[in-house]
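Asks: The structure file start32.tsv (TSV, N, CA and C atoms and all ligand atoms) is provided below.
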chain	number	residue	atom	x	y	z
A	1	MET	N	155.73	124.24	40.61
A	1	MET	CA	156.70	123.48	41.42
A	1	MET	C	156.36	121.99	41.34
A	2	PRO	N	157.24	121.15	40.81
A	2	PRO	CA	156.93	119.72	40.70
A	2	PRO	C	156.68	119.09	42.06
A	3	ILE	N	155.77	118.14	42.08
A	3	ILE	CA	155.38	117.49	43.34
A	3	ILE	C	156.16	116.19	43.55
A	4	ASP	N	156.14	115.75	44.80
A	4	ASP	CA	156.71	114.45	45.16
A	4	ASP	C	155.59	113.41	45.02
A	5	ALA	N	155.68	112.59	43.98
A	5	ALA	CA	154.59	111.65	43.69
A	5	ALA	C	154.54	110.47	44.64
A	6	THR	N	155.48	110.42	45.61
A	6	THR	CA	155.40	109.34	46.60
A	6	THR	C	154.59	109.76	47.83
A	7	LEU	N	154.18	111.04	47.89
A	7	LEU	CA	153.38	111.50	49.04
A	7	LEU	C	151.97	110.94	48.95
A	8	PRO	N	151.27	110.87	50.10
A	8	PRO	CA	149.87	110.41	50.07
A	8	PRO	C	149.00	111.35	49.23
A	9	TYR	N	147.89	110.83	48.76
A	9	TYR	CA	146.97	111.60	47.92
A	9	TYR	C	146.42	112.81	48.69
A	10	ASP	N	146.42	113.96	48.05
A	10	ASP	CA	145.91	115.20	48.64
A	10	ASP	C	144.51	115.47	48.06
A	11	SER	N	143.49	115.27	48.86
A	11	SER	CA	142.11	115.42	48.36
A	11	SER	C	141.74	116.87	48.06
A	12	ASP	N	142.62	117.82	48.40
A	12	ASP	CA	142.35	119.23	48.08
A	12	ASP	C	142.96	119.64	46.75
A	13	ASN	N	143.58	118.71	46.01
A	13	ASN	CA	144.19	119.13	44.74
A	13	ASN	C	143.11	119.52	43.73
A	14	ILE	N	143.52	120.31	42.75
A	14	ILE	CA	142.55	120.95	41.84
A	14	ILE	C	141.75	119.93	41.03
A	15	PHE	N	142.36	118.81	40.66
A	15	PHE	CA	141.61	117.82	39.86
A	15	PHE	C	140.64	117.04	40.75
A	16	ALA	N	140.97	116.87	42.02
A	16	ALA	CA	140.02	116.25	42.95
A	16	ALA	C	138.77	117.12	43.04
A	17	LYS	N	138.98	118.44	43.08
A	17	LYS	CA	137.83	119.36	43.16
A	17	LYS	C	137.01	119.32	41.88
A	18	ILE	N	137.67	119.16	40.74
A	18	ILE	CA	136.94	119.03	39.47
A	18	ILE	C	136.12	117.74	39.48
A	19	VAL	N	136.72	116.65	39.92
A	19	VAL	CA	135.99	115.37	39.97
A	19	VAL	C	134.75	115.49	40.86
A	20	ARG	N	134.89	116.20	41.99
A	20	ARG	CA	133.75	116.34	42.92
A	20	ARG	C	132.75	117.39	42.46
A	21	GLY	N	133.06	118.10	41.37
A	21	GLY	CA	132.14	119.13	40.87
A	21	GLY	C	132.24	120.44	41.61
A	22	GLU	N	133.31	120.60	42.41
A	22	GLU	CA	133.47	121.84	43.18
A	22	GLU	C	134.13	122.94	42.35
A	23	LEU	N	134.82	122.54	41.29
A	23	LEU	CA	135.40	123.49	40.33
A	23	LEU	C	134.94	123.08	38.95
A	24	PRO	N	134.77	124.07	38.04
A	24	PRO	CA	134.31	123.73	36.69
A	24	PRO	C	135.44	123.19	35.84
A	25	CYS	N	135.07	122.50	34.77
A	25	CYS	CA	136.04	122.13	33.75
A	25	CYS	C	135.33	122.16	32.42
A	26	ASN	N	136.10	122.23	31.36
A	26	ASN	CA	135.55	122.19	30.01
A	26	ASN	C	135.56	120.72	29.57
A	27	LYS	N	134.49	120.04	29.90
A	27	LYS	CA	134.45	118.58	29.77
A	27	LYS	C	134.41	118.11	28.32
A	28	VAL	N	135.17	117.06	28.05
A	28	VAL	CA	135.19	116.42	26.74
A	28	VAL	C	134.41	115.11	26.78
A	29	ALA	N	134.59	114.35	27.84
A	29	ALA	CA	133.92	113.05	27.96
A	29	ALA	C	134.00	112.60	29.41
A	30	GLU	N	133.06	111.73	29.76
A	30	GLU	CA	133.05	111.20	31.12
A	30	GLU	C	132.56	109.76	31.09
A	31	THR	N	133.16	108.92	31.92
A	31	THR	CA	132.72	107.55	32.08
A	31	THR	C	132.55	107.28	33.57
A	32	GLU	N	132.23	106.05	33.90
A	32	GLU	CA	132.05	105.71	35.32
A	32	GLU	C	133.29	106.04	36.15
A	33	HIS	N	134.46	105.75	35.60
A	33	HIS	CA	135.69	105.86	36.40
A	33	HIS	C	136.64	106.95	35.93
A	34	SER	N	136.33	107.66	34.86
A	34	SER	CA	137.31	108.57	34.25
A	34	SER	C	136.64	109.83	33.73
A	35	LEU	N	137.47	110.86	33.54
A	35	LEU	CA	136.97	112.15	33.06
A	35	LEU	C	138.01	112.75	32.13
A	36	ALA	N	137.54	113.38	31.06
A	36	ALA	CA	138.43	114.07	30.12
A	36	ALA	C	137.96	115.51	29.98
A	37	PHE	N	138.91	116.45	30.02
A	37	PHE	CA	138.56	117.86	29.90
A	37	PHE	C	139.72	118.61	29.26
A	38	HIS	N	139.39	119.78	28.67
A	38	HIS	CA	140.42	120.58	28.02
A	38	HIS	C	141.38	121.18	29.04
A	39	ASP	N	142.67	121.16	28.71
A	39	ASP	CA	143.66	121.81	29.56
A	39	ASP	C	143.39	123.32	29.56
A	40	ILE	N	143.51	123.92	30.71
A	40	ILE	CA	143.22	125.36	30.85
A	40	ILE	C	144.28	126.23	30.16
A	41	ASN	N	145.44	125.66	29.94
A	41	ASN	CA	146.55	126.40	29.32
A	41	ASN	C	147.11	125.55	28.17
A	42	PRO	N	146.35	125.47	27.05
A	42	PRO	CA	146.72	124.51	26.00
A	42	PRO	C	148.07	124.80	25.36
A	43	LEU	N	148.82	123.72	25.16
A	43	LEU	CA	150.15	123.82	24.54
A	43	LEU	C	150.14	123.30	23.11
A	44	ALA	N	148.97	122.94	22.60
A	44	ALA	CA	148.79	122.48	21.22
A	44	ALA	C	147.34	122.77	20.86
A	45	PRO	N	147.00	122.75	19.56
A	45	PRO	CA	145.60	123.02	19.18
A	45	PRO	C	144.62	122.09	19.89
A	46	ILE	N	145.01	120.84	20.08
A	46	ILE	CA	144.23	119.93	20.91
A	46	ILE	C	145.10	119.58	22.12
A	47	HIS	N	144.61	119.89	23.29
A	47	HIS	CA	145.33	119.56	24.53
A	47	HIS	C	144.27	119.19	25.56
A	48	ILE	N	144.09	117.90	25.71
A	48	ILE	CA	143.05	117.36	26.59
A	48	ILE	C	143.71	116.56	27.70
A	49	LEU	N	143.17	116.67	28.89
A	49	LEU	CA	143.64	115.88	30.03
A	49	LEU	C	142.64	114.76	30.29
A	50	VAL	N	143.14	113.57	30.49
A	50	VAL	CA	142.29	112.44	30.87
A	50	VAL	C	142.74	111.98	32.25
A	51	ILE	N	141.79	111.88	33.17
A	51	ILE	CA	142.12	111.52	34.55
A	51	ILE	C	141.21	110.39	35.03
A	52	PRO	N	141.74	109.55	35.92
A	52	PRO	CA	140.83	108.64	36.63
A	52	PRO	C	140.08	109.43	37.69
A	53	LYS	N	138.88	109.02	38.03
A	53	LYS	CA	138.15	109.71	39.10
A	53	LYS	C	138.66	109.30	40.49
A	54	GLY	N	139.30	108.17	40.56
A	54	GLY	CA	139.81	107.67	41.84
A	54	GLY	C	141.00	108.48	42.32
A	55	LYS	N	141.36	108.23	43.58
A	55	LYS	CA	142.40	109.02	44.26
A	55	LYS	C	143.77	108.42	44.00
A	56	TYR	N	144.34	108.73	42.83
A	56	TYR	CA	145.65	108.23	42.46
A	56	TYR	C	146.57	109.41	42.16
A	57	VAL	N	147.71	109.45	42.83
A	57	VAL	CA	148.64	110.56	42.63
A	57	VAL	C	149.29	110.48	41.25
A	58	SER	N	149.67	109.28	40.85
A	58	SER	CA	150.49	109.17	39.64
A	58	SER	C	150.28	107.82	38.98
A	59	TRP	N	150.96	107.65	37.88
A	59	TRP	CA	150.91	106.36	37.18
A	59	TRP	C	151.37	105.24	38.10
A	60	ASP	N	152.26	105.57	39.02
A	60	ASP	CA	152.82	104.55	39.89
A	60	ASP	C	151.73	103.91	40.75
A	61	ASP	N	150.99	104.70	41.49
A	61	ASP	CA	150.00	104.06	42.36
A	61	ASP	C	148.77	103.62	41.57
A	62	PHE	N	148.46	104.30	40.47
A	62	PHE	CA	147.34	103.84	39.64
A	62	PHE	C	147.62	102.45	39.09
A	63	SER	N	148.79	102.26	38.52
A	63	SER	CA	149.10	100.96	37.91
A	63	SER	C	149.20	99.86	38.95
A	64	ALA	N	149.57	100.24	40.18
A	64	ALA	CA	149.72	99.23	41.23
A	64	ALA	C	148.42	98.94	41.97
A	65	LYS	N	147.57	99.98	42.14
A	65	LYS	CA	146.45	99.83	43.08
A	65	LYS	C	145.06	99.93	42.46
A	66	ALA	N	144.94	100.50	41.27
A	66	ALA	CA	143.61	100.65	40.67
A	66	ALA	C	143.04	99.28	40.31
A	67	SER	N	141.72	99.22	40.30
A	67	SER	CA	141.06	97.97	39.90
A	67	SER	C	141.21	97.77	38.38
A	68	ASP	N	141.01	96.53	37.97
A	68	ASP	CA	141.04	96.27	36.53
A	68	ASP	C	139.98	97.12	35.82
A	69	ALA	N	138.82	97.27	36.43
A	69	ALA	CA	137.74	98.05	35.80
A	69	ALA	C	138.18	99.50	35.61
A	70	GLU	N	138.86	100.07	36.60
A	70	GLU	CA	139.32	101.46	36.48
A	70	GLU	C	140.38	101.59	35.38
A	71	ILE	N	141.28	100.63	35.33
A	71	ILE	CA	142.37	100.70	34.34
A	71	ILE	C	141.82	100.54	32.93
A	72	VAL	N	140.91	99.61	32.76
A	72	VAL	CA	140.31	99.41	31.43
A	72	VAL	C	139.52	100.66	31.02
A	73	ASP	N	138.73	101.17	31.94
A	73	ASP	CA	137.90	102.35	31.66
A	73	ASP	C	138.78	103.53	31.25
A	74	PHE	N	139.84	103.76	32.00
A	74	PHE	CA	140.74	104.88	31.73
A	74	PHE	C	141.43	104.71	30.38
A	75	THR	N	141.96	103.52	30.14
A	75	THR	CA	142.69	103.27	28.89
A	75	THR	C	141.76	103.44	27.69
A	76	ARG	N	140.56	102.91	27.82
A	76	ARG	CA	139.61	103.03	26.70
A	76	ARG	C	139.19	104.48	26.49
A	77	LEU	N	139.04	105.24	27.57
A	77	LEU	CA	138.63	106.64	27.39
A	77	LEU	C	139.72	107.44	26.68
A	78	VAL	N	140.98	107.19	27.01
A	78	VAL	CA	142.06	107.90	26.30
A	78	VAL	C	141.95	107.64	24.79
A	79	GLY	N	141.76	106.38	24.43
A	79	GLY	CA	141.64	106.05	23.01
A	79	GLY	C	140.40	106.67	22.37
A	80	LYS	N	139.29	106.64	23.11
A	80	LYS	CA	138.05	107.20	22.57
A	80	LYS	C	138.17	108.70	22.35
A	81	VAL	N	138.80	109.39	23.29
A	81	VAL	CA	138.97	110.84	23.15
A	81	VAL	C	139.87	111.15	21.95
A	82	ALA	N	140.91	110.38	21.77
A	82	ALA	CA	141.79	110.59	20.60
A	82	ALA	C	141.00	110.40	19.31
A	83	ARG	N	140.24	109.31	19.24
A	83	ARG	CA	139.44	109.07	18.03
A	83	ARG	C	138.39	110.15	17.84
A	84	GLY	N	137.73	110.53	18.92
A	84	GLY	CA	136.64	111.49	18.84
A	84	GLY	C	137.08	112.90	18.49
A	85	ASN	N	138.35	113.17	18.62
A	85	ASN	CA	138.85	114.51	18.30
A	85	ASN	C	139.71	114.50	17.04
A	86	GLY	N	139.55	113.46	16.25
A	86	GLY	CA	140.20	113.41	14.94
A	86	GLY	C	141.71	113.29	14.99
A	87	CYS	N	142.23	112.72	16.06
A	87	CYS	CA	143.69	112.68	16.22
A	87	CYS	C	144.35	111.48	15.57
A	88	VAL	N	143.60	110.45	15.29
A	88	VAL	CA	144.23	109.17	14.95
A	88	VAL	C	144.92	109.23	13.59
A	89	GLU	N	144.23	109.79	12.59
A	89	GLU	CA	144.79	109.76	11.24
A	89	GLU	C	146.11	110.53	11.14
A	90	GLN	N	146.16	111.70	11.77
A	90	GLN	CA	147.36	112.54	11.66
A	90	GLN	C	148.38	112.26	12.76
A	91	GLY	N	147.95	111.55	13.76
A	91	GLY	CA	148.86	111.25	14.87
A	91	GLY	C	148.72	112.23	16.02
A	92	TYR	N	149.17	111.80	17.16
A	92	TYR	CA	149.03	112.62	18.37
A	92	TYR	C	150.06	112.15	19.40
A	93	ARG	N	150.05	112.76	20.56
A	93	ARG	CA	151.01	112.39	21.60
A	93	ARG	C	150.30	112.26	22.94
A	94	LEU	N	150.67	111.22	23.68
A	94	LEU	CA	150.24	111.06	25.07
A	94	LEU	C	151.43	111.30	25.97
A	95	LEU	N	151.18	111.97	27.09
A	95	LEU	CA	152.28	112.28	28.01
A	95	LEU	C	151.76	112.25	29.44
A	96	ALA	N	152.47	111.59	30.31
A	96	ALA	CA	152.15	111.65	31.74
A	96	ALA	C	153.41	112.07	32.48
A	97	ASN	N	153.34	113.21	33.14
A	97	ASN	CA	154.45	113.67	33.98
A	97	ASN	C	154.28	113.05	35.36
A	98	ILE	N	155.37	112.50	35.89
A	98	ILE	CA	155.28	111.80	37.17
A	98	ILE	C	156.38	112.29	38.10
A	99	GLY	N	155.94	112.92	39.18
A	99	GLY	CA	156.86	113.29	40.25
A	99	GLY	C	157.83	114.40	39.90
A	100	LYS	N	158.83	114.54	40.75
A	100	LYS	CA	159.74	115.69	40.69
A	100	LYS	C	160.50	115.76	39.37
A	101	ARG	N	161.16	114.68	39.00
A	101	ARG	CA	161.93	114.73	37.76
A	101	ARG	C	161.04	114.75	36.53
A	102	GLY	N	159.82	114.23	36.67
A	102	GLY	CA	158.88	114.24	35.55
A	102	GLY	C	158.21	115.60	35.36
A	103	GLY	N	158.35	116.49	36.35
A	103	GLY	CA	157.76	117.82	36.23
A	103	GLY	C	156.26	117.85	36.53
A	104	GLN	N	155.75	116.86	37.26
A	104	GLN	CA	154.31	116.83	37.58
A	104	GLN	C	153.96	117.96	38.55
A	105	GLU	N	152.91	118.70	38.21
A	105	GLU	CA	152.51	119.81	39.07
A	105	GLU	C	151.21	119.55	39.81
A	106	VAL	N	150.30	118.83	39.19
A	106	VAL	CA	149.03	118.52	39.86
A	106	VAL	C	149.10	117.08	40.38
A	107	PRO	N	148.92	116.89	41.69
A	107	PRO	CA	149.15	115.56	42.28
A	107	PRO	C	147.95	114.61	42.16
A	108	HIS	N	147.43	114.53	40.95
A	108	HIS	CA	146.35	113.57	40.62
A	108	HIS	C	146.67	113.09	39.22
A	109	LEU	N	146.79	111.77	39.04
A	109	LEU	CA	147.22	111.24	37.74
A	109	LEU	C	146.44	111.86	36.58
A	110	HIS	N	147.16	112.30	35.57
A	110	HIS	CA	146.53	112.79	34.34
A	110	HIS	C	147.43	112.46	33.17
A	111	VAL	N	146.78	112.12	32.07
A	111	VAL	CA	147.49	111.94	30.81
A	111	VAL	C	147.14	113.12	29.93
A	112	HIS	N	148.18	113.76	29.41
A	112	HIS	CA	147.98	114.84	28.43
A	112	HIS	C	147.82	114.21	27.05
A	113	LEU	N	146.82	114.63	26.31
A	113	LEU	CA	146.67	114.22	24.91
A	113	LEU	C	146.86	115.48	24.06
A	114	PHE	N	147.93	115.47	23.26
A	114	PHE	CA	148.24	116.61	22.39
A	114	PHE	C	147.98	116.22	20.94
A	115	GLY	N	147.43	117.13	20.16
A	115	GLY	CA	147.23	116.86	18.75
A	115	GLY	C	146.85	118.13	18.01
A	116	GLY	N	146.49	117.93	16.74
A	116	GLY	CA	146.02	119.06	15.94
A	116	GLY	C	147.10	119.78	15.19
A	117	ALA	N	148.35	119.41	15.34
A	117	ALA	CA	149.47	120.05	14.64
A	117	ALA	C	150.70	119.16	14.81
A	118	PRO	N	151.72	119.35	13.95
A	118	PRO	CA	152.98	118.63	14.21
A	118	PRO	C	153.50	119.01	15.60
A	119	LEU	N	153.96	118.03	16.35
A	119	LEU	CA	154.28	118.26	17.76
A	119	LEU	C	155.77	118.40	18.04
A	120	GLY	N	156.59	118.25	17.01
A	120	GLY	CA	158.02	118.45	17.22
A	120	GLY	C	158.65	117.28	17.95
A	121	PRO	N	159.91	117.47	18.35
A	121	PRO	CA	160.63	116.37	19.00
A	121	PRO	C	160.03	116.05	20.36
A	122	MET	N	160.29	114.85	20.82
A	122	MET	CA	159.68	114.39	22.07
A	122	MET	C	160.14	115.24	23.26
A	123	LEU	N	161.44	115.52	23.33
A	123	LEU	CA	161.98	116.36	24.38
A	123	LEU	C	162.92	117.38	23.75
A	124	SER	N	162.94	118.59	24.31
A	124	SER	CA	163.92	119.54	23.82
A	124	SER	C	165.25	119.26	24.52
A	125	ALA	N	166.31	119.53	23.84
A	125	ALA	CA	167.64	119.20	24.40
A	125	ALA	C	167.97	120.11	25.56
A	201	LIG	P1	151.43	118.55	34.92
A	201	LIG	O1	152.61	119.46	34.85
A	201	LIG	O2	151.60	117.32	34.09
A	201	LIG	O3	151.03	118.26	36.34
A	201	LIG	O4	150.24	119.33	34.21
A	201	LIG	C1	149.18	119.96	34.87
A	201	LIG	C2	148.30	120.55	33.81
A	201	LIG	O5	147.07	120.90	34.41
A	201	LIG	C3	148.84	121.80	33.13
A	201	LIG	O6	148.93	121.57	31.73
A	201	LIG	C4	147.81	122.88	33.49
A	201	LIG	O7	147.61	123.80	32.46
A	201	LIG	C5	146.58	122.04	33.75
A	201	LIG	N1	145.58	122.64	34.62
A	201	LIG	C6	145.79	123.20	35.83
A	201	LIG	N2	144.61	123.61	36.36
A	201	LIG	C7	143.66	123.28	35.46
A	201	LIG	C8	142.23	123.43	35.43
A	201	LIG	N3	141.56	124.02	36.42
A	201	LIG	N4	141.56	122.97	34.34
A	201	LIG	C9	142.23	122.39	33.33
A	201	LIG	N5	143.56	122.21	33.30
A	201	LIG	C10	144.26	122.65	34.35
Rewrite the structure of this file - the entire thing - as C-alpha cells.
Ligand code: AMP

Replies:
Amino acid sequence: MPIDATLPYDSDNIFAKIVRGELPCNKVAETEHSLAFHDINPLAPIHILVIPKGKYVSWDDFSAKASDAEIVDFTRLVGKVARGNGCVEQGYRLLANIGKRGGQEVPHLHVHLFGGAPLGPMLSA
C-alpha cells in the first residue's frame, strides 16, 4: 500500500530498524551517513537499495532538510555502489518512488539501483 510521503517520519519503519541494527540486511556498503543493501525481493540481477541513515521520509524532505554532508555522502555512495558492482560500463537505472502516486511503500527515502541486464522501458504503458 503506497504511503503518504507528507506524513511525519515513522521511526518504526523497516529501514529505520535496519539502520539501528534491529533487523538484518544484506549489506553492500556503509558510510557515515548512508547505507546500501540488497533488496529482499530483487527485480533485476542487481537490485540494491541505498538509503540515508537520517530520518527522511522521501526525496522531498531529504532534499529540503538534509545537511550538505548527508547529501554529498548519499550521492557519492550511490555512484560508488554502481561502480563497485560493475554497472557503469553496461548501464543501470536509479529509481526513487515517492509517496502515493510514486508507489512508495517503505516510508524512509531509498534509491533503487537496478542493473545486470537490459532493463526495458522506463515505465510500462
Ligand atoms: P518502494 O516501493 O520504493 O517503497 O520499495 C520498497 C522496497 O523495499 C521493495 O523493493 C522491497 O522489496 C524492499 N524491502 C522491503 N523490506 C526489505 C528488507 N527487509 N530488506 C531489503 N529490502 C526490503

Asks: Show me which residues line ligand LIG 201 (chain A), defined as having an atom within 7 Å of a ligand atom where all atoms listed in the file count, and present them as JSON, numbers by chain.

Replies: {"A": [14, 15, 24, 25, 26, 37, 38, 39, 40, 41, 42, 43, 95, 96, 97, 98, 102, 103, 104, 105, 106, 107, 108, 110, 112]}

Asks: Determine, counting only C-alpha atoms, which protein, DNA and RNA residues have an atom within 10 Å of an atom of Arg93 (chain A); residues of the same chain fewer than 5 positions away are not included. Present the result as a ChimeraX atom specification.

Replies: /A:47,82,87,111-115,118-119,122

Asks: Record the distance separating CA of Asp12 (chain A) and CA of Gly99 (chain A), expressed in Å with one decimal.

Replies: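 For CA of Asp12 (chain A) relative to CA of Gly99 (chain A), the distance reads 17.5 Å.
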
Asks: Just need the box for region 31-43 of chain A, edges along x, y and z, holding every atom the file lists for it with 6 Å tacked onto each side, so centre and edge lengths in Å to one decimal, as lines of an AutoDock Vina configuration file.

Replies:
center_x = 141.1
center_y = 116.1
center_z = 29.8
size_x = 30.1
size_y = 32.7
size_z = 25.3

Asks: So the first atom is CA of Lys100 (chain A) and the second is CA of Trp59 (chain A); what is the distance between them in Å, to one decimal place?

Replies: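 These atoms are spaced 13.3 Å apart.
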
Asks: Report the distance between CA of Arg76 (chain A) and CA of Gly91 (chain A) in Å, rounded to one decimal place.

Replies: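 Value for the CA of Arg76 (chain A)-CA of Gly91 (chain A) distance: 17.1 Å.
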
Asks: Leaving out Leu35 (chain A) and any residue of its chain fewer than 2 positions from it, which residues lie within 6 Å of it when counting all atoms listed in the file, given as a PDB file with N, CA and C atoms, in the frame of the given file?

Replies:
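Generated output (part.pdb):
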ATOM      1  N   ALA A  29     134.590 114.350  27.840  1.00  0.00           N
ATOM      2  CA  ALA A  29     133.920 113.050  27.960  1.00  0.00           C
ATOM      3  C   ALA A  29     134.000 112.600  29.410  1.00  0.00           C
ATOM      4  N   GLU A  30     133.060 111.730  29.760  1.00  0.00           N
ATOM      5  CA  GLU A  30     133.050 111.200  31.120  1.00  0.00           C
ATOM      6  C   GLU A  30     132.560 109.760  31.090  1.00  0.00           C
ATOM      7  N   THR A  31     133.160 108.920  31.920  1.00  0.00           N
ATOM      8  CA  THR A  31     132.720 107.550  32.080  1.00  0.00           C
ATOM      9  C   THR A  31     132.550 107.280  33.570  1.00  0.00           C
ATOM     10  N   HIS A  33     134.460 105.750  35.600  1.00  0.00           N
ATOM     11  CA  HIS A  33     135.690 105.860  36.400  1.00  0.00           C
ATOM     12  C   HIS A  33     136.640 106.950  35.930  1.00  0.00           C
ATOM     13  N   PHE A  37     138.910 116.450  30.020  1.00  0.00           N
ATOM     14  CA  PHE A  37     138.560 117.860  29.900  1.00  0.00           C
ATOM     15  C   PHE A  37     139.720 118.610  29.260  1.00  0.00           C
ATOM     16  N   LEU A  49     143.170 116.670  28.890  1.00  0.00           N
ATOM     17  CA  LEU A  49     143.640 115.880  30.030  1.00  0.00           C
ATOM     18  C   LEU A  49     142.640 114.760  30.290  1.00  0.00           C
ATOM     19  N   VAL A  50     143.140 113.570  30.490  1.00  0.00           N
ATOM     20  CA  VAL A  50     142.290 112.440  30.870  1.00  0.00           C
ATOM     21  C   VAL A  50     142.740 111.980  32.250  1.00  0.00           C
ATOM     22  N   ILE A  51     141.790 111.880  33.170  1.00  0.00           N
ATOM     23  CA  ILE A  51     142.120 111.520  34.550  1.00  0.00           C
ATOM     24  C   ILE A  51     141.210 110.390  35.030  1.00  0.00           C
ATOM     25  N   PRO A  52     141.740 109.550  35.920  1.00  0.00           N
ATOM     26  CA  PRO A  52     140.830 108.640  36.630  1.00  0.00           C
ATOM     27  C   PRO A  52     140.080 109.430  37.690  1.00  0.00           C
ATOM     28  N   LYS A  53     138.880 109.020  38.030  1.00  0.00           N
ATOM     29  CA  LYS A  53     138.150 109.710  39.100  1.00  0.00           C
ATOM     30  C   LYS A  53     138.660 109.300  40.490  1.00  0.00           C
TER      31      LYS A  53
END

Asks: So, with only C-alpha atoms as the atoms that count, which of A:Ile46, A:Asp68, A:Val28, A:Lys55 lies closest to Asp10 (chain A)?

Replies: A:Lys55
